[in-house]
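To start, the structure itself, in structure tokens.
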Amino acid sequence: MFRIVSRKRLNPTVTRLDVEAPLIAKKAEPGQFVILRAEENGERIPLTIADANPERGTISLIFQLVGESTMALNALREGDCVPGISGPLGRASELDGLKKVAVIGGGVGSAIAYPVAKKLHEMGCVVHTIAGFRCKDLVILEEEFRAVSDEFIITTDDGSYGRKGVVTAALEEMIQAGNQYDQVIAIGPLIMMKFVCKTTEKYGIKTIVSMNPIMIDGTGMCGGCRLTVGGETKFACVDGPDFDGHLVDFDEAMRRGATYKEFEAHAREAACNLFRDAGKEETANG
């Protein structure tokens, strides 16, 4: 059992949990993830390790409410326990030798981008970070990013905070200003990563993306997380989650990613009703 030592709501749909997991915290590297169960008999879901504190023996997990399992995880409070966590899984991000990098985060993907930016900063790399959100209310980790970035830009679709527009416009502006990046690292919605790669391809800048498709076992056996990269089948859980973005078949990944959207919507609605009724019962019982 893994005890929750702190819980923080980052925005209306995103929650951060700090969980006691000393063995995982000791070995976790940026880019790696865990697979957990929010309930004893619940499904296994992958979550990237947003931060790790080996001294405290804790890992930070940041997740968005998507379906029944994330709703159940969100219902846990400080002092409660997550019944099962396996990790760290996946290949750590390859960051050695990089001198100047642009890190791009989109929405809740910024939680995955943060440990990468933090590690690069600790290594002495010049880090330019661009984080994009739909609106001001959904912005997360702003202070954390500012602390590890030599330059930090927030964009919002509606212009309610930071610059109005998309991350690719800000990235292209920075490239055209003369910034010569060893690498661009993009983490967020598939459509965002696709267009980041289209932008950098024009300038010949190597671009790494973090892929987070449906996973079950996290060991490469189920095949649920398969992707096409450079014309070859890869498994995100063991070959990734980081891949050369210029080789990823994003259109295929987006088609596969949409497979369970209707199911997730129904599960989320059912879970909402369940937790709403439980809350009413708790109130009635005092």
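Order determines the names: the first chain of the structure tokens is A, the second B, and so forth; residues in each chain are numbered 1 upward, and ligands are numbered 1 upward as they are shown.
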Cut-off 9 Å: closest region 57-159 of chain A/region 225-242 of chain A atom pairs per residue, using only C-alpha atoms, as JSON lines:
```
{"residue": "A:Leu89", "atom": "CA", "partner": "A:Cys237", "partner_atom": "CA", "distance": 7.1}
{"residue": "A:Gly90", "atom": "CA", "partner": "A:Val238", "partner_atom": "CA", "distance": 5.1}
{"residue": "A:Arg91", "atom": "CA", "partner": "A:Gly240", "partner_atom": "CA", "distance": 5.6}
{"residue": "A:Ala92", "atom": "CA", "partner": "A:Asp242", "partner_atom": "CA", "distance": 8.1}
{"residue": "A:Ser93", "atom": "CA", "partner": "A:Asp242", "partner_atom": "CA", "distance": 6.6}
{"residue": "A:Glu94", "atom": "CA", "partner": "A:Asp242", "partner_atom": "CA", "distance": 8.6}
```
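Taking only region 193-258 of chain A, the residues that DSSP calls strand (DSSP E) from the backbone come to A:Thr207, A:Ile208, A:Val209, A:Ser210, A:Arg226, A:Leu227, A:Thr228, A:Val229, A:Glu232, A:Thr233, A:Lys234, A:Phe235, A:Asp242, A:Phe243, A:Asp244.
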Close residues, Ile187 (chain A) itself excluded, 10 Å, only C-alpha atoms, min 2 positions apart in chain, as a tab-separated table (two decimals) with all heavy atoms, in the first residue's frame:
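Listing of result_35.tsv after writing:
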```tsv
chain	number	residue	atom	x	y	z
A	103	VAL	N	11.62	23.25	-24.33
A	103	VAL	CA	10.69	22.27	-23.78
A	103	VAL	C	9.27	22.81	-23.97
A	103	VAL	O	8.98	23.93	-23.54
A	103	VAL	CB	10.97	22.01	-22.29
A	103	VAL	CG1	9.93	21.04	-21.71
A	103	VAL	CG2	12.38	21.45	-22.10
A	104	ILE	N	8.43	22.03	-24.62
A	104	ILE	CA	7.07	22.46	-24.93
A	104	ILE	C	6.09	21.57	-24.17
A	104	ILE	O	6.10	20.35	-24.32
A	104	ILE	CB	6.75	22.36	-26.43
A	104	ILE	CG1	7.92	22.89	-27.28
A	104	ILE	CG2	5.45	23.09	-26.75
A	104	ILE	CD1	8.21	24.34	-27.12
A	105	GLY	N	5.23	22.18	-23.37
A	105	GLY	CA	4.20	21.44	-22.65
A	105	GLY	C	2.82	21.91	-23.06
A	105	GLY	O	2.60	23.12	-23.20
A	106	GLY	N	1.91	20.97	-23.21
A	106	GLY	CA	0.54	21.33	-23.57
A	106	GLY	C	-0.45	20.78	-22.58
A	106	GLY	O	-0.50	19.56	-22.36
A	107	GLY	N	-1.22	21.64	-21.91
A	107	GLY	CA	-2.22	21.20	-20.96
A	107	GLY	C	-1.61	20.37	-19.84
A	107	GLY	O	-0.55	20.71	-19.30
A	108	VAL	N	-2.26	19.26	-19.51
A	108	VAL	CA	-1.76	18.41	-18.43
A	108	VAL	C	-0.43	17.76	-18.82
A	108	VAL	O	0.32	17.29	-17.96
A	108	VAL	CB	-2.81	17.35	-18.05
A	108	VAL	CG1	-2.91	16.26	-19.11
A	108	VAL	CG2	-2.51	16.75	-16.68
A	109	GLY	N	-0.09	17.76	-20.10
A	109	GLY	CA	1.22	17.28	-20.54
A	109	GLY	C	2.36	18.11	-19.96
A	109	GLY	O	3.50	17.65	-19.91
A	110	SER	N	2.05	19.30	-19.49
A	110	SER	CA	3.06	20.12	-18.84
A	110	SER	C	3.60	19.44	-17.58
A	110	SER	O	4.75	19.67	-17.18
A	110	SER	CB	2.47	21.50	-18.48
A	110	SER	OG	2.08	22.19	-19.64
A	111	ALA	N	2.78	18.61	-16.96
A	111	ALA	CA	3.23	17.87	-15.77
A	111	ALA	C	4.31	16.88	-16.13
A	111	ALA	O	5.16	16.54	-15.29
A	111	ALA	CB	2.05	17.15	-15.13
A	112	ILE	N	4.32	16.38	-17.36
A	112	ILE	CA	5.35	15.46	-17.82
A	112	ILE	C	6.57	16.25	-18.29
A	112	ILE	O	7.71	15.81	-18.14
A	112	ILE	CB	4.81	14.58	-18.96
A	112	ILE	CG1	3.50	13.90	-18.53
A	112	ILE	CG2	5.84	13.53	-19.37
A	112	ILE	CD1	2.82	13.15	-19.66
A	113	ALA	N	6.33	17.44	-18.84
A	113	ALA	CA	7.43	18.27	-19.31
A	113	ALA	C	8.25	18.84	-18.16
A	113	ALA	O	9.46	19.06	-18.30
A	113	ALA	CB	6.88	19.41	-20.18
A	114	TYR	N	7.61	19.08	-17.03
A	114	TYR	CA	8.31	19.72	-15.91
A	114	TYR	C	9.54	18.95	-15.43
A	114	TYR	O	10.63	19.55	-15.29
A	114	TYR	CB	7.36	19.98	-14.74
A	114	TYR	CG	8.10	20.40	-13.49
A	114	TYR	CD1	8.75	21.63	-13.43
A	114	TYR	CD2	8.20	19.55	-12.40
A	114	TYR	CE1	9.46	22.01	-12.30
A	114	TYR	CE2	8.91	19.91	-11.27
A	114	TYR	CZ	9.54	21.13	-11.22
A	114	TYR	OH	10.27	21.48	-10.12
A	131	ALA	N	4.61	26.74	-22.36
A	131	ALA	CA	3.51	25.92	-21.85
A	131	ALA	C	2.20	26.49	-22.37
A	131	ALA	O	1.92	27.68	-22.19
A	131	ALA	CB	3.51	25.90	-20.32
A	185	ILE	N	11.79	19.35	-27.11
A	185	ILE	CA	11.09	18.24	-26.45
A	185	ILE	C	9.65	18.67	-26.24
A	185	ILE	O	9.39	19.67	-25.55
A	185	ILE	CB	11.75	17.89	-25.10
A	185	ILE	CG1	13.21	17.48	-25.32
A	185	ILE	CG2	10.97	16.78	-24.39
A	185	ILE	CD1	14.00	17.27	-24.05
A	189	PRO	N	-1.00	17.04	-25.92
A	189	PRO	CA	-1.95	16.38	-26.82
A	189	PRO	C	-1.28	15.98	-28.14
A	189	PRO	O	-0.36	16.65	-28.61
A	189	PRO	CB	-3.03	17.45	-27.05
A	189	PRO	CG	-2.91	18.36	-25.87
A	189	PRO	CD	-1.47	18.38	-25.50
A	190	LEU	N	-1.74	14.89	-28.71
A	190	LEU	CA	-1.14	14.39	-29.94
A	190	LEU	C	-1.14	15.44	-31.05
A	190	LEU	O	-0.15	15.60	-31.77
A	190	LEU	CB	-1.88	13.13	-30.41
A	190	LEU	CG	-1.66	11.88	-29.57
A	190	LEU	CD1	-2.64	10.78	-29.99
A	190	LEU	CD2	-0.23	11.39	-29.68
A	192	MET	N	-1.06	18.65	-30.79
A	192	MET	CA	-0.05	19.66	-30.49
A	192	MET	C	1.34	19.16	-30.86
A	192	MET	O	2.12	19.86	-31.51
A	192	MET	CB	-0.09	20.05	-29.02
A	192	MET	CG	0.89	21.15	-28.64
A	192	MET	SD	1.53	21.04	-26.94
A	192	MET	CE	2.86	19.83	-27.16
A	193	MET	N	1.65	17.92	-30.44
A	193	MET	CA	2.98	17.38	-30.73
A	193	MET	C	3.19	17.23	-32.24
A	193	MET	O	4.29	17.46	-32.75
A	193	MET	CB	3.17	16.05	-30.01
A	193	MET	CG	3.21	16.18	-28.50
A	193	MET	SD	3.77	14.68	-27.63
A	193	MET	CE	2.39	13.56	-27.94
A	196	VAL	N	4.02	20.71	-33.55
A	196	VAL	CA	5.36	21.10	-33.10
A	196	VAL	C	6.39	20.46	-34.02
A	196	VAL	O	7.35	21.10	-34.47
A	196	VAL	CB	5.60	20.71	-31.64
A	196	VAL	CG1	7.09	20.80	-31.30
A	196	VAL	CG2	4.82	21.61	-30.70
A	208	ILE	N	11.86	15.47	-29.86
A	208	ILE	CA	11.45	14.29	-29.12
A	208	ILE	C	10.05	14.51	-28.56
A	208	ILE	O	9.75	15.59	-28.03
A	208	ILE	CB	12.43	14.00	-27.96
A	208	ILE	CG1	13.83	13.73	-28.51
A	208	ILE	CG2	11.95	12.81	-27.14
A	208	ILE	CD1	13.95	12.54	-29.43
A	209	VAL	N	9.20	13.51	-28.70
A	209	VAL	CA	7.84	13.59	-28.16
A	209	VAL	C	7.63	12.44	-27.18
A	209	VAL	O	8.26	11.38	-27.29
A	209	VAL	CB	6.78	13.54	-29.27
A	209	VAL	CG1	6.91	14.73	-30.20
A	209	VAL	CG2	6.88	12.23	-30.08
A	210	SER	N	6.75	12.66	-26.21
A	210	SER	CA	6.42	11.63	-25.23
A	210	SER	C	5.04	11.08	-25.55
A	210	SER	O	4.05	11.82	-25.54
A	210	SER	CB	6.45	12.22	-23.81
A	210	SER	OG	6.12	11.23	-22.85
A	211	MET	N	4.97	9.78	-25.84
A	211	MET	CA	3.72	9.16	-26.25
A	211	MET	C	3.10	8.41	-25.07
A	211	MET	O	3.78	7.68	-24.36
A	211	MET	CB	3.98	8.20	-27.41
A	211	MET	CG	4.66	8.84	-28.61
A	211	MET	SD	3.67	10.16	-29.38
A	211	MET	CE	2.39	9.16	-30.17
A	212	ASN	N	1.80	8.61	-24.89
A	212	ASN	CA	1.11	8.01	-23.76
A	212	ASN	C	-0.20	7.37	-24.22
A	212	ASN	O	-1.28	7.81	-23.84
A	212	ASN	CB	0.83	9.08	-22.69
A	212	ASN	CG	0.28	8.47	-21.42
A	212	ASN	OD1	0.55	7.33	-21.10
A	212	ASN	ND2	-0.51	9.24	-20.70
A	242	ASP	N	9.52	8.09	-24.95
A	242	ASP	CA	10.08	9.13	-25.82
A	242	ASP	C	10.43	8.56	-27.18
A	242	ASP	O	11.05	7.48	-27.27
A	242	ASP	CB	11.33	9.73	-25.19
A	242	ASP	CG	11.05	10.57	-23.96
A	242	ASP	OD1	9.86	10.77	-23.65
A	242	ASP	OD2	12.01	11.01	-23.31
```
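Here CA of Glu142 (chain A) and CA of Ile45 (chain A) stand 26.2 Å from one another.
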ask   = Running DSSP on the backbone, which parts of region 70-112 of chain A land in alpha helix (DSSP H), as an MDAnalysis selection string?
value = chainID A and resid 70:74 110:112
